[in-house]
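Undergrad: This structure is in structure tokens; I'll ask about it shortly.
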Amino acid sequence: MTDLAEIEMIRDSARAFVPPGGDLVRIRGLRFGEAGFDPAIYRQMAEMGWLMLRLPEEEGGLGLGMRAYCALAAVLGAGLVPEPLIHANLAVRLLGAGVGDAVLAGTRIVLPAWQAGFDGLDLAAGVTGAAGGLSGEKRFVYQAAGADAFLVTGAEGGWLVEAGAEGVSLECEGTQDGGHFGSLRLAGVSAERIDLIDPAAALDEAALATSAYLLGVAETAFEMTLDYLRVRKQFDKPIGSFQSLQHRATDLKMQLALLRAGVDMAAGALDAGVDDARRSALVSQVKVRAADTAMLVAREAVQMHGAIGFTDEHDVGLFVRKAMTLANQFGSAAFHRRRFAAMQPYAAA
Amino acid sequence: MTDLAEIEMIRDSARAFVPPGGDLVRIRGLRFGEAGFDPAIYRQMAEMGWLMLRLPEEEGGLGLGMRAYCALAAVLGAGLVPEPLIHANLAVRLLGAGVGDAVLAGTRIVLPAWQAGFDGLDLAAGVTGAAGGLSGEKRFVYQAAGADAFLVTGAEGGWLVEAGAEGVSLECEGTQDGGHFGSLRLAGVSAERIDLIDPAAALDEAALATSAYLLGVAETAFEMTLDYLRVRKQFDKPIGSFQSLQHRATDLKMQLALLRAGVDMAAGALDAGVDDARRSALVSQVKVRAADTAMLVAREAVQMHGAIGFTDEHDVGLFVRKAMTLANQFGSAAFHRRRFAAMQPYAAA
Amino acid sequence: MSLHSRNDIYAVMSDEEFRAQARAFIEANYPDIPRFSQKRLHFSQSKPWYMALARKGWVAPAWPVEHGGMGLSATKQLIWIEENERFGAARINDIGPVMLGPLLIQFGTDAQKAQFLPKILSGEHIWAQGYSEPNAGSDLAAVRTEAVLDGDEWVINGQKTWATLGNDANWIFILARTDKSVKKQAGISFILVPMDLPGVTVRPIENLEMHDEFCEVFFDDVRVPRENLVGAVNQGWTMAKALLGHERVFIGAPRLSSSALARLDLLARKVGVADDPAFQDRFTRLRLDVADLTALFETYIEKLRHGEAIGADVSIMKIFQSELYQRISEEMMAIGGATAALLEPFEHDPRLHAAGTYLMARPTTIFGGSNEVLRNVLARMVLDLPA
Amino acid sequence: MSLHSRNDIYAVMSDEEFRAQARAFIEANYPDIPRFSQKRLHFSQSKPWYMALARKGWVAPAWPVEHGGMGLSATKQLIWIEENERFGAARINDIGPVMLGPLLIQFGTDAQKAQFLPKILSGEHIWAQGYSEPNAGSDLAAVRTEAVLDGDEWVINGQKTWATLGNDANWIFILARTDKSVKKQAGISFILVPMDLPGVTVRPIENLEMHDEFCEVFFDDVRVPRENLVGAVNQGWTMAKALLGHERVFIGAPRLSSSALARLDLLARKVGVADDPAFQDRFTRLRLDVADLTALFETYIEKLRHGEAIGADVSIMKIFQSELYQRISEEMMAIGGATAALLEPFEHDPRLHAAGTYLMARPTTIFGGSNEVLRNVLARMVLDLPA
């Protein structure tokens with residue numbers, strides 16, 4: 001199958017979970033629930049092979065490239081899918097096929113607990129695996145309450161920690177999108193150390209997929225806003241006929257075009273193969289635009305919807321909240337700007 | 001006389017030199033000439049007492065406050081007056097009444113040569129007054145070719161250096177406004193050291209007056225642009241009826257209102273008396289807005305005038321060039337932002 | 001009247017004396033209710049504070065003393081606001097004291113003043129505002145809620161929306177169409193309506209902060225006495241505009257921005273970016289914007305103090321302050337890292353709540369005249385640009 | 001034809017081979033004229049470079065080989081531009097090769113092609129563009145210059161403006177009104193006019209860079225043969241739009257921004273702010289904008305390469321690139337300190353000229369369709385927003 005055909009195929013299969021026209025009833029129903037997502041749907045997604053996207057074919061995976069992964073993520077973003085696919089994929093990517101069939105089948109959910117600080121991509125901090133067992137804290141574990149186990153990362157590798165194991169406690173706080181972050185505290189948990197597969201690349205891929213997801217979020221919020229501009233009337237005219245709104249809408253379109261081009265370019269480059277510094281620079285480039293554009297579109301979407309956009313019952317708010325939740329995940333724009341400059345020092349063309 | 005009456009008086013007398021409706025023929029005539037300004041007009045201005053504005057009444061000056069000085073500077077800016085009043089006043093301010101009657105009468109022109117670096121308000125650098133005489137270089141001396149003498153500043157004080165003295169050489173480069181900067185090179189010039197009067201305050205006052213001048217420049221460029229928006233037609237409508245231009249014009253008005261309020265506030269505070277750090281913070285606050293606003297109005301003025309705004313024959317360009325010339329004088333916005341933060345560390349209200 | 005004579009004292013008090021007294025009063029009397037809440041508290045929660053202010057005679061800082069207000073100068077009103085902000089005191093249900101009271105004082109009959117003003121001061125009447133409608137937002141003059149005179153009663157039908165804390169209120173004032181034959185601004189009247197009447201239905205709307213701050217209010221053959229009309233019939237538009245009055249200055253006050261700036265500073269320290277020079281550069285820009293807005297605000301306060309007319313240009317401040325408030329909140333989101341995603345304040349400190357500030361800042365560019373409409377008006381009225 | 005067969009080679013050459021050859025050619029053949037000039041050089045100065053290109057057969061990179069062009073792919077055209085930029089080679093008087101040539105190839109008669117194309121390639125004809133008029137700028141369809149058929153000649157009266165380097169040209173193509181009875185786009189024709197005819201007057205206009213880059217051209221009963229019409233009568237608007245063609249992609253190329261970024265970097269080093277973290281933060285933002293624009297540009301180049309249609313959305317790039325170029329130039333002014341005020345390049349290095357870059361960036365948002373008009377068009381055509 002050609003690359004393009006693969007991408008079309010995965011996009012089509014994703015659309016089965018995200019009906020066009022955006023039926024967001026399911027999304028609303030899951031908000032602020034305990035797991036924050038639907039394990040049954042998660043399993044269906046796993047059945048599509050979406051947890052083995054990046055596993056090589058020789059290891060039984062789909063062996064798809066980042067372009068296919070990003071195409072999928074963008075569709076999921078357009079539908080605000082709350083199932084933590086990108087996070088689960090990160091765990092699989094770090095562990096490889098050895099993660100086990102139950103995980104790939106979606107019947108056992110393993111989520112990465114990699115973050116300790118407020119920002120950045122440092123997966124080493126927070127826990128230590130000393131003699132007395134694994135101790136410390138990982139924070140901001142997305143959709144943690146739905147996990148059966150966590151892939152806890154540290155300087156020396158990772159540990160697979162069962163959610164119910166001795167010495168493990170989890171405290172959750174809601175996120176704007178109706179999901180949550182877990183704070184995972186570990187006090188002398190016994191767990192075996194596992195080697196992680198190319199963790200820097202794995203985190204970069206998650207950041208890129210998150211950028212693609214944000215692209216889907218922002219594009220859909222923009223389309224909703226255009227629809228509203230076409231029909232909402234004030235002063236006896238559709239507000240989309242007012243030039244200042246037209247020009248601002250054009251500016252959003254411009255940012256979205258830049259973001260889409262960036263996602264495609266970076267995914268293509270990663271698939272073609274680049275060195276580590278260039279890979280990180282490209283991913284940072286894209287994540288900056290993704291975070292900034294999603295937030296820009298979100299705030300203009302609220303503004304252009306007027307008062308109704310500030311109500312929770314209007315769907316545009318769901319997109320705003322999703323942008324707020326994901327903009328800083330896998331590194332904020334500020335972090336990625338600094339990393340871009342560090343990874344690729346300026347040299348005039 | 002009350003303060004307000006004084007301010008009105010000086011504003012009226014300034015308007016005699018700057019005819020309303022902006023006859024800019026004189027300004028164009030002086031552009032790129034050797035002196036960059038008209039010594040005869042300079043003398044007339046001196047006759048109005050404008051070189052002794054800030055000298056105390058007991059020393060024979062007018063003893064006016066910064067509010068009056070700023071009112072004058074704003075009118076001069078509105079008329080793009082090229083005579084270096086602010087610079088000459090800085091020299092007088094640093095030297096006091098001892099500067100001599102010829103200087104105050106405008107028959108002898110003394111301009112400050114205080115700057116050595118690209119930016120900032122450091123008057124100490126560039127020259128040393130060692131045993132062999134005064135040596136070194138001062139740069140960016142505004143309208144230097146018209147000066148009879150220079151007040152050269154250094155770490156230990158100042159020196160009055162005749163333009164024609166042994167060891168003095170001056171090289172001039174044009175500035176965008178039709179004036180010029182001189183590079184003053186001193187090689188073992190014999191000159192007597194003079195104590196300077198409160199140089200930090202003097203430079204702050206020059207920076208504030210420059211801000212007021214920039215306010216006048218920007219307000220006039222804005223008025224010209226509004227006039228153009230009212231009459232210029234495209235697509236059979238005056239372009240000022242297009243909402244996006246209306247909104248952008250409103251944004252310029254907003255910045256101008258902030259700048260005017262800032263100038264008034266800072267001048268009033270300086271007149272009322274503040275400590276050194278507060279004075280510098282206030283002046284920096286205003287100079288930032290002045291530089292940024294003048295440049296913003298300049299670029300929007302060109303854009304709103306369209307192609308004609310890019311021609312040298314249209315007067316709006318004169319305002320653009322003046323903004324470009326003065327925006328960074330007595331410290332750029334970037335310098336003053338840093339100084340503001342340093343002089344007045346943040347403390348929540 | 002003891003209340004009267006007691007209140008007269010503020011006029012002769014120095015600003016600094018007044019500030020000290022205000023601060024001491026707040027500290028001594030603020031009840032055990034949340035401080036620094038970004039969400040508006042409901043009356044059920046904030047009532048003890050309203051009552052404490054009522055007992056002190058401090059419900060209506062701006063009203064003249066003879067009507068039971070404090071008769072504060074513009075400067076002292078500002079001090080009062082600042083001291084409340086500094087302490088983090090909850091904002092009371094203030095539509096009665098801030099909006100309706102001054103309007104009744106200007107346009108109401110003696111009977112209306114006697115009937116309504118004391119009950120605002122006592123907290124017995126909590127007012128809501130019934131201006132906007134689903135199809136009359138930015139274009140307020142398009143209101144369709146109708147009031148028809150039937151004998152000695154107005155019969156009201158229609159729907160209002162965005163009534164702030166409408167579910168706390170027992171009275172609402174509305175703009176209603178009383179003449180459909182004239183151009184739209186000319187056929188509107190201003191009517192007072194008790195909310196406990198048959199036919200009045202309130203539906204709270206959850207906002208993005210998950211807070212039922214706004215309500216829809218439905219009127220279905222609601223009948224109120226003819227005397228509930230304020231001003232003359234069809235004079236409602238004039239009053240709606242007059243209602244702005246001082247408000248047009250205070251809505252541009254820098255307080256939302258300056259308090260957001262303090263939150264940004266705290267958050268920057270918390271997440272460890274406060275010393276990053278790039279952050280400091282951006283922070284200084286925002287600080288300078290707040291400082292210049294403050295300077296501009298003070299020129300208007302000065303005008304109020306001297307009784308000068310406030311022109312249409314005053315809305316420059318509302319535009320700038322609301323957008324500045326938003327920019328500060330966006331910087332909080334940008335630096336907040338993972339905490340920016342949280343639904344509730346990080347570590348339960350309401351001042352560390354990037355998302356809360358971000359969301360609360362959103363409607364400030366929409367309500368009180370959307371910034372787009374205000375820019376249109378400025379372009380025409382102040383800049384004299386053609387239609 | 002030896003020229004033909006020689007040029008065919010570019011199609012089979014790898015991009016990197018071509019780049020090496022282009023670079024070597026420029027280095028070996030660039031005459032002793034200014035490099036890195038921000039001002040357009042006049043033909044009197046840049047002619048040796050035009051002639052060197054003519055000798056090599058490299059005047060028209062985009063034309064098909066059979067018409068004497070290089071027949072370069074979009075990618076190789078870009079490489080050619082990049083190598084010129086890198087060296088700082090002067091831009092030649094390229095309205096003939098870039099604009100008129102492709103139009104004649106598409107719409108011209110065989111006689112017109114035979115008459116005009118070789119003279120563009122040889123440098124004998126230097127062309128100017130006569131589109132805009134004093135009252136037809138953003139609204140180009142409002143042209144009033146008139147051409148009336150009198151026997152076998154067009155008689156032309158009117159005025160054109162903003163003719164780039166019109167004082168260098170010996171031919172000009174114009175949009176002229178040939179029918180006043182139809183709606184304005186429908187009555188325009190495209191006519192070729194020698195500039196040495198009686199009745200043609202050229203007045204240079206000094207721009208803000210003190211450079212007579214633009215000219216007004218007056219036509220006073222100028223008579224040209226009927227055959228100087230390109231395409232059909234009243235088909236001028238179609239051709240004016242077609243003239244955009246590939247240009248709509250290349251006008252959004254990141255090269256102006258990326259070369260300005262290099263200037264900003266040099267200037268920052270010169271004035272000593274390159275290591276300031278706040279500057280670096282702003283510089284990185286600009287870099288990322290250039291990088292993303294490059295990514296977007298490459299998607300369009302890819303479309304050209306595959307022969308796909310270019311939609312109206314392409315003007316997104318022109319808007320973004322021109323405004324980015326301006327923002328970079330504004331940052332140069334902001335950091336340049338006192339040097340930003342200078343009329344001529346600081347220390348005679350054209351790359352350290354903040355004011356020059358600032359001024360040269362101004363018209364990019366005005367010419368080639370003002371960004372305001374392009375945004376209007378995007379809103380209607382791409383976003384499908386109502387009129």
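Numbering starts fresh at 1 for the residues of each chain in the structure tokens, the chains themselves are lettered A, B, ... in the order given, and ligands are numbered from 1 as they appear.
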Taking only C-alpha atoms into account, what are the residues of chain B at most 10 Å from chain A, put as a VMD selection string?

TA: chain B and resid 242 to 248

Undergrad: For those residues, write C-alpha atoms to a file as a compact mmCIF listing (two decimals), in the first residue's frame.

TA:
# COMPACT_ATOMS: atom_id res chain seq x y z
CA PHE B 242 -14.12 50.40 5.66
CA GLN B 243 -14.50 48.79 9.05
CA SER B 244 -11.06 47.23 9.23
CA LEU B 245 -9.41 50.60 8.71
CA GLN B 246 -11.79 52.16 11.22
CA HIS B 247 -10.82 49.63 13.82
CA ARG B 248 -7.13 50.06 13.16

Undergrad: Do me a favour and pick out the residues of chain C within 9 Å of chain D, using only C-alpha atoms, as a PyMOL selection string.

TA: chain C and resi 276-282

Undergrad: How many Å lie between CA of Arg31 (chain B) and CA of Asp349 (chain D), rounded to one decimal?

TA: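 Result for CA of Arg31 (chain B) versus CA of Asp349 (chain D): 23.6 Å, one decimal.
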
Undergrad: Which neighbours of region 154-156 of chain D fall inside 9 Å, counting only C-alpha atoms, when residues of the same chain fewer than 6 positions from it are skipped, and could you give them as a list in words?

TA: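 My list of contacting residues is Thr145, Glu146, Ala147, Val148, Ala176, Ile191, Phe219, Asp220, Asp221, Val222, Arg223, Val224, Pro225, Arg226, Asn228 and Leu229 of chain D.
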
Undergrad: Using the selection just defined, write its residues with all heavy atoms as a short mmCIF file (atom, residue, chain, number, x, y, z; two decimals), in the first residue's frame.

TA:
data_model
loop_
_atom_site.label_atom_id
_atom_site.label_comp_id
_atom_site.auth_asym_id
_atom_site.auth_seq_id
_atom_site.Cartn_x
_atom_site.Cartn_y
_atom_site.Cartn_z
N THR D 145 -7.40 55.21 -18.07
CA THR D 145 -6.62 55.42 -19.29
C THR D 145 -7.37 54.77 -20.45
O THR D 145 -7.80 53.62 -20.34
CB THR D 145 -5.22 54.79 -19.13
OG1 THR D 145 -4.52 55.51 -18.13
CG2 THR D 145 -4.44 54.85 -20.45
N GLU D 146 -7.49 55.53 -21.54
CA GLU D 146 -8.42 55.12 -22.57
C GLU D 146 -7.66 54.81 -23.86
O GLU D 146 -6.70 55.50 -24.20
CB GLU D 146 -9.36 56.30 -22.82
CG GLU D 146 -10.69 55.93 -23.36
CD GLU D 146 -11.53 57.19 -23.52
OE1 GLU D 146 -11.24 58.21 -22.83
OE2 GLU D 146 -12.45 57.17 -24.34
N ALA D 147 -8.11 53.79 -24.56
CA ALA D 147 -7.55 53.51 -25.89
C ALA D 147 -8.71 53.44 -26.87
O ALA D 147 -9.65 52.67 -26.69
CB ALA D 147 -6.78 52.20 -25.88
N VAL D 148 -8.63 54.28 -27.89
CA VAL D 148 -9.72 54.35 -28.88
C VAL D 148 -9.14 53.96 -30.23
O VAL D 148 -8.09 54.46 -30.63
CB VAL D 148 -10.31 55.77 -28.94
CG1 VAL D 148 -11.38 55.86 -30.04
CG2 VAL D 148 -10.88 56.17 -27.59
N ALA D 176 -5.91 49.37 -20.54
CA ALA D 176 -6.60 50.58 -20.98
C ALA D 176 -8.08 50.29 -21.17
O ALA D 176 -8.47 49.16 -21.50
CB ALA D 176 -6.00 51.08 -22.29
N ILE D 191 -2.49 46.37 -23.89
CA ILE D 191 -1.84 46.94 -25.07
C ILE D 191 -0.36 47.21 -24.80
O ILE D 191 0.01 47.63 -23.70
CB ILE D 191 -2.56 48.26 -25.48
CG1 ILE D 191 -4.03 47.96 -25.80
CG2 ILE D 191 -1.87 48.91 -26.69
CD1 ILE D 191 -4.85 49.20 -26.09
N PHE D 219 0.16 59.54 -21.05
CA PHE D 219 -0.10 59.25 -22.46
C PHE D 219 -0.98 60.35 -23.03
O PHE D 219 -2.10 60.55 -22.56
CB PHE D 219 -0.80 57.89 -22.61
CG PHE D 219 -0.01 56.75 -22.04
CD1 PHE D 219 -0.13 56.40 -20.69
CD2 PHE D 219 0.88 56.03 -22.83
CE1 PHE D 219 0.60 55.36 -20.16
CE2 PHE D 219 1.61 54.98 -22.30
CZ PHE D 219 1.48 54.65 -20.95
N ASP D 220 -0.47 61.01 -24.04
CA ASP D 220 -1.21 62.14 -24.61
C ASP D 220 -1.33 61.90 -26.12
O ASP D 220 -0.38 62.13 -26.88
CB ASP D 220 -0.42 63.42 -24.28
CG ASP D 220 -1.15 64.65 -24.79
OD1 ASP D 220 -2.34 64.54 -25.13
OD2 ASP D 220 -0.49 65.72 -24.83
N ASP D 221 -2.47 61.38 -26.55
CA ASP D 221 -2.69 61.02 -27.96
C ASP D 221 -1.56 60.16 -28.53
O ASP D 221 -1.05 60.40 -29.62
CB ASP D 221 -2.85 62.29 -28.82
CG ASP D 221 -4.24 62.89 -28.69
OD1 ASP D 221 -5.18 62.13 -28.33
OD2 ASP D 221 -4.38 64.10 -28.90
N VAL D 222 -1.23 59.16 -27.77
CA VAL D 222 -0.18 58.25 -28.21
C VAL D 222 -0.80 57.22 -29.16
O VAL D 222 -1.85 56.65 -28.87
CB VAL D 222 0.45 57.53 -26.99
CG1 VAL D 222 1.46 56.47 -27.45
CG2 VAL D 222 1.11 58.55 -26.07
N ARG D 223 -0.17 57.01 -30.30
CA ARG D 223 -0.74 56.13 -31.32
C ARG D 223 0.13 54.89 -31.49
O ARG D 223 1.33 54.98 -31.73
CB ARG D 223 -0.86 56.87 -32.66
CG ARG D 223 -1.66 58.17 -32.55
CD ARG D 223 -1.80 58.87 -33.90
NE ARG D 223 -2.82 58.24 -34.72
CZ ARG D 223 -4.11 58.61 -34.73
NH1 ARG D 223 -4.53 59.63 -33.99
NH2 ARG D 223 -4.97 58.00 -35.51
N VAL D 224 -0.48 53.72 -31.35
CA VAL D 224 0.25 52.47 -31.58
C VAL D 224 -0.56 51.62 -32.55
O VAL D 224 -1.78 51.73 -32.62
CB VAL D 224 0.51 51.68 -30.27
CG1 VAL D 224 1.28 52.52 -29.27
CG2 VAL D 224 -0.78 51.16 -29.67
N PRO D 225 0.13 50.73 -33.29
CA PRO D 225 -0.59 49.89 -34.26
C PRO D 225 -1.60 48.98 -33.57
O PRO D 225 -1.38 48.55 -32.43
CB PRO D 225 0.52 49.06 -34.92
CG PRO D 225 1.80 49.69 -34.54
CD PRO D 225 1.57 50.50 -33.31
N ARG D 226 -2.65 48.69 -34.27
CA ARG D 226 -3.71 47.82 -33.81
C ARG D 226 -3.16 46.48 -33.30
O ARG D 226 -3.68 45.89 -32.35
CB ARG D 226 -4.61 47.57 -35.02
CG ARG D 226 -5.84 46.79 -34.73
CD ARG D 226 -6.74 46.78 -35.97
NE ARG D 226 -8.05 46.35 -35.54
CZ ARG D 226 -9.19 46.72 -36.12
NH1 ARG D 226 -9.17 47.52 -37.17
NH2 ARG D 226 -10.35 46.30 -35.67
N ASN D 228 -0.72 45.84 -31.61
CA ASN D 228 -0.09 45.87 -30.28
C ASN D 228 -1.06 45.42 -29.18
O ASN D 228 -0.69 45.35 -28.01
CB ASN D 228 0.45 47.26 -29.95
CG ASN D 228 1.75 47.53 -30.70
OD1 ASN D 228 2.02 46.89 -31.72
ND2 ASN D 228 2.55 48.45 -30.20
N LEU D 229 -2.27 45.14 -29.56
CA LEU D 229 -3.22 44.55 -28.61
C LEU D 229 -2.83 43.10 -28.36
O LEU D 229 -2.57 42.35 -29.30
CB LEU D 229 -4.62 44.61 -29.22
CG LEU D 229 -5.74 43.98 -28.38
CD1 LEU D 229 -6.17 44.95 -27.28
CD2 LEU D 229 -6.93 43.62 -29.27
#

Undergrad: As a ChimeraX atom specification, please: the residues near Ile9 (chain D) (cut-off 10 Å, only C-alpha atoms, same-chain neighbours under 5 positions excluded).

TA: /D:4,18,65,70-72

Undergrad: Might you pull out every residue within 10 Å of region 257-273 of chain D, with only C-alpha atoms counted and same-chain residues fewer than 5 positions away left off, and present them as a count of residues only?

TA: 52

Undergrad: Within 6 Å of region 96-113 of chain A, counting only C-alpha atoms, which residues qualify if same-chain residues fewer than 4 places away don't, as a list in words?

TA: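 Answer for this query is Arg43, Ala46, Leu51, Ala88, Ala91, Val92, Lys138, Val141, Ala147, Asp148, Ala149, Phe150, Leu151 and Val152 of chain A.
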
Undergrad: Chain A near chain C within 8 Å: what's each residue's closest atom pair and its distance in Å to one decimal, counting only C-alpha atoms, ordered by chain then ascending residue number, as a tab-separated table?

TA:
residue	atom	partner	partner_atom	distance
A:Phe118	CA	C:Gly337	CA	5.0
A:Asp119	CA	C:Gly337	CA	4.8
A:Phe140	CA	C:Ala338	CA	6.7
A:Glu173	CA	C:Leu342	CA	7.1
A:Gly174	CA	C:Leu343	CA	5.3
A:Thr175	CA	C:Leu342	CA	4.3
A:Gln176	CA	C:Leu343	CA	4.8
A:His180	CA	C:Leu342	CA	7.9
A:Lys233	CA	C:Asn135	CA	7.6
A:Gln234	CA	C:Asp139	CA	5.8
A:Phe235	CA	C:Asp139	CA	5.7
A:Arg299	CA	C:Arg362	CA	7.6
A:Val302	CA	C:Arg362	CA	7.4
A:Gln303	CA	C:Ile366	CA	6.8
A:Gly306	CA	C:Ile366	CA	5.9
A:Ala307	CA	C:Ile366	CA	6.4
A:Phe310	CA	C:Asn207	CA	5.6
A:Thr311	CA	C:Asn207	CA	4.0
A:Asp312	CA	C:Asn207	CA	4.7
A:Glu313	CA	C:Glu206	CA	6.9
A:Gly317	CA	C:Leu208	CA	6.7
A:Met324	CA	C:Ala341	CA	5.6
A:Thr325	CA	C:Ala341	CA	4.2
A:Leu326	CA	C:Ala341	CA	7.3
A:Asn328	CA	C:Gly337	CA	5.5
A:Gln329	CA	C:Ala338	CA	6.6
A:Gly331	CA	C:Gly337	CA	7.5
A:Ser332	CA	C:Gly337	CA	6.2
A:Ala333	CA	C:Ala334	CA	7.2
A:Ala334	CA	C:Ala334	CA	7.0

Undergrad: Which residues are close to Trp50 (chain B), i.e. within 9 Å by only C-alpha atoms, leaving aside same-chain residues fewer than 3 positions away? Reply as a PDB file with N, CA, C and O atoms, in the first residue's frame.

TA:
ATOM      1  N   MET B  45      13.878  81.489  18.167  1.00  0.00           N
ATOM      2  CA  MET B  45      13.358  80.628  19.237  1.00  0.00           C
ATOM      3  C   MET B  45      14.047  80.959  20.557  1.00  0.00           C
ATOM      4  O   MET B  45      13.418  80.986  21.613  1.00  0.00           O
ATOM      5  N   ALA B  46      15.337  81.199  20.467  1.00  0.00           N
ATOM      6  CA  ALA B  46      16.079  81.585  21.667  1.00  0.00           C
ATOM      7  C   ALA B  46      15.525  82.891  22.235  1.00  0.00           C
ATOM      8  O   ALA B  46      15.429  83.063  23.454  1.00  0.00           O
ATOM      9  N   GLU B  47      15.148  83.783  21.320  1.00  0.00           N
ATOM     10  CA  GLU B  47      14.580  85.064  21.774  1.00  0.00           C
ATOM     11  C   GLU B  47      13.280  84.865  22.544  1.00  0.00           C
ATOM     12  O   GLU B  47      12.893  85.693  23.364  1.00  0.00           O
ATOM     13  N   LEU B  53      14.289  77.904  29.298  1.00  0.00           N
ATOM     14  CA  LEU B  53      13.058  77.370  29.856  1.00  0.00           C
ATOM     15  C   LEU B  53      13.233  76.838  31.269  1.00  0.00           C
ATOM     16  O   LEU B  53      12.456  77.108  32.174  1.00  0.00           O
ATOM     17  N   ARG B  54      14.254  75.994  31.399  1.00  0.00           N
ATOM     18  CA  ARG B  54      14.417  75.222  32.625  1.00  0.00           C
ATOM     19  C   ARG B  54      15.389  75.881  33.590  1.00  0.00           C
ATOM     20  O   ARG B  54      15.587  75.383  34.703  1.00  0.00           O
ATOM     21  N   LEU B  62      13.537  81.116  32.682  1.00  0.00           N
ATOM     22  CA  LEU B  62      12.081  81.182  32.788  1.00  0.00           C
ATOM     23  C   LEU B  62      11.568  80.329  33.939  1.00  0.00           C
ATOM     24  O   LEU B  62      10.444  80.502  34.386  1.00  0.00           O
ATOM     25  N   TYR B  69       7.534  72.548  29.310  1.00  0.00           N
ATOM     26  CA  TYR B  69       8.546  72.109  28.343  1.00  0.00           C
ATOM     27  C   TYR B  69       7.939  71.064  27.398  1.00  0.00           C
ATOM     28  O   TYR B  69       8.114  71.111  26.174  1.00  0.00           O
ATOM     29  N   LEU B  72       5.575  72.568  24.891  1.00  0.00           N
ATOM     30  CA  LEU B  72       6.350  73.165  23.803  1.00  0.00           C
ATOM     31  C   LEU B  72       6.853  72.080  22.848  1.00  0.00           C
ATOM     32  O   LEU B  72       6.688  72.167  21.621  1.00  0.00           O
ATOM     33  N   LEU B  85      16.305  72.044  19.607  1.00  0.00           N
ATOM     34  CA  LEU B  85      15.984  72.736  20.863  1.00  0.00           C
ATOM     35  C   LEU B  85      16.194  71.840  22.069  1.00  0.00           C
ATOM     36  O   LEU B  85      16.705  72.276  23.100  1.00  0.00           O
ATOM     37  N   ASN B  89      18.872  72.573  24.899  1.00  0.00           N
ATOM     38  CA  ASN B  89      18.407  72.711  26.272  1.00  0.00           C
ATOM     39  C   ASN B  89      19.114  71.758  27.213  1.00  0.00           C
ATOM     40  O   ASN B  89      19.332  72.082  28.382  1.00  0.00           O
ATOM     41  N   LEU B 104      22.424  81.498  25.419  1.00  0.00           N
ATOM     42  CA  LEU B 104      21.004  81.669  25.727  1.00  0.00           C
ATOM     43  C   LEU B 104      20.306  82.516  24.668  1.00  0.00           C
ATOM     44  O   LEU B 104      19.120  82.370  24.424  1.00  0.00           O
TER      45      LEU B 104
END
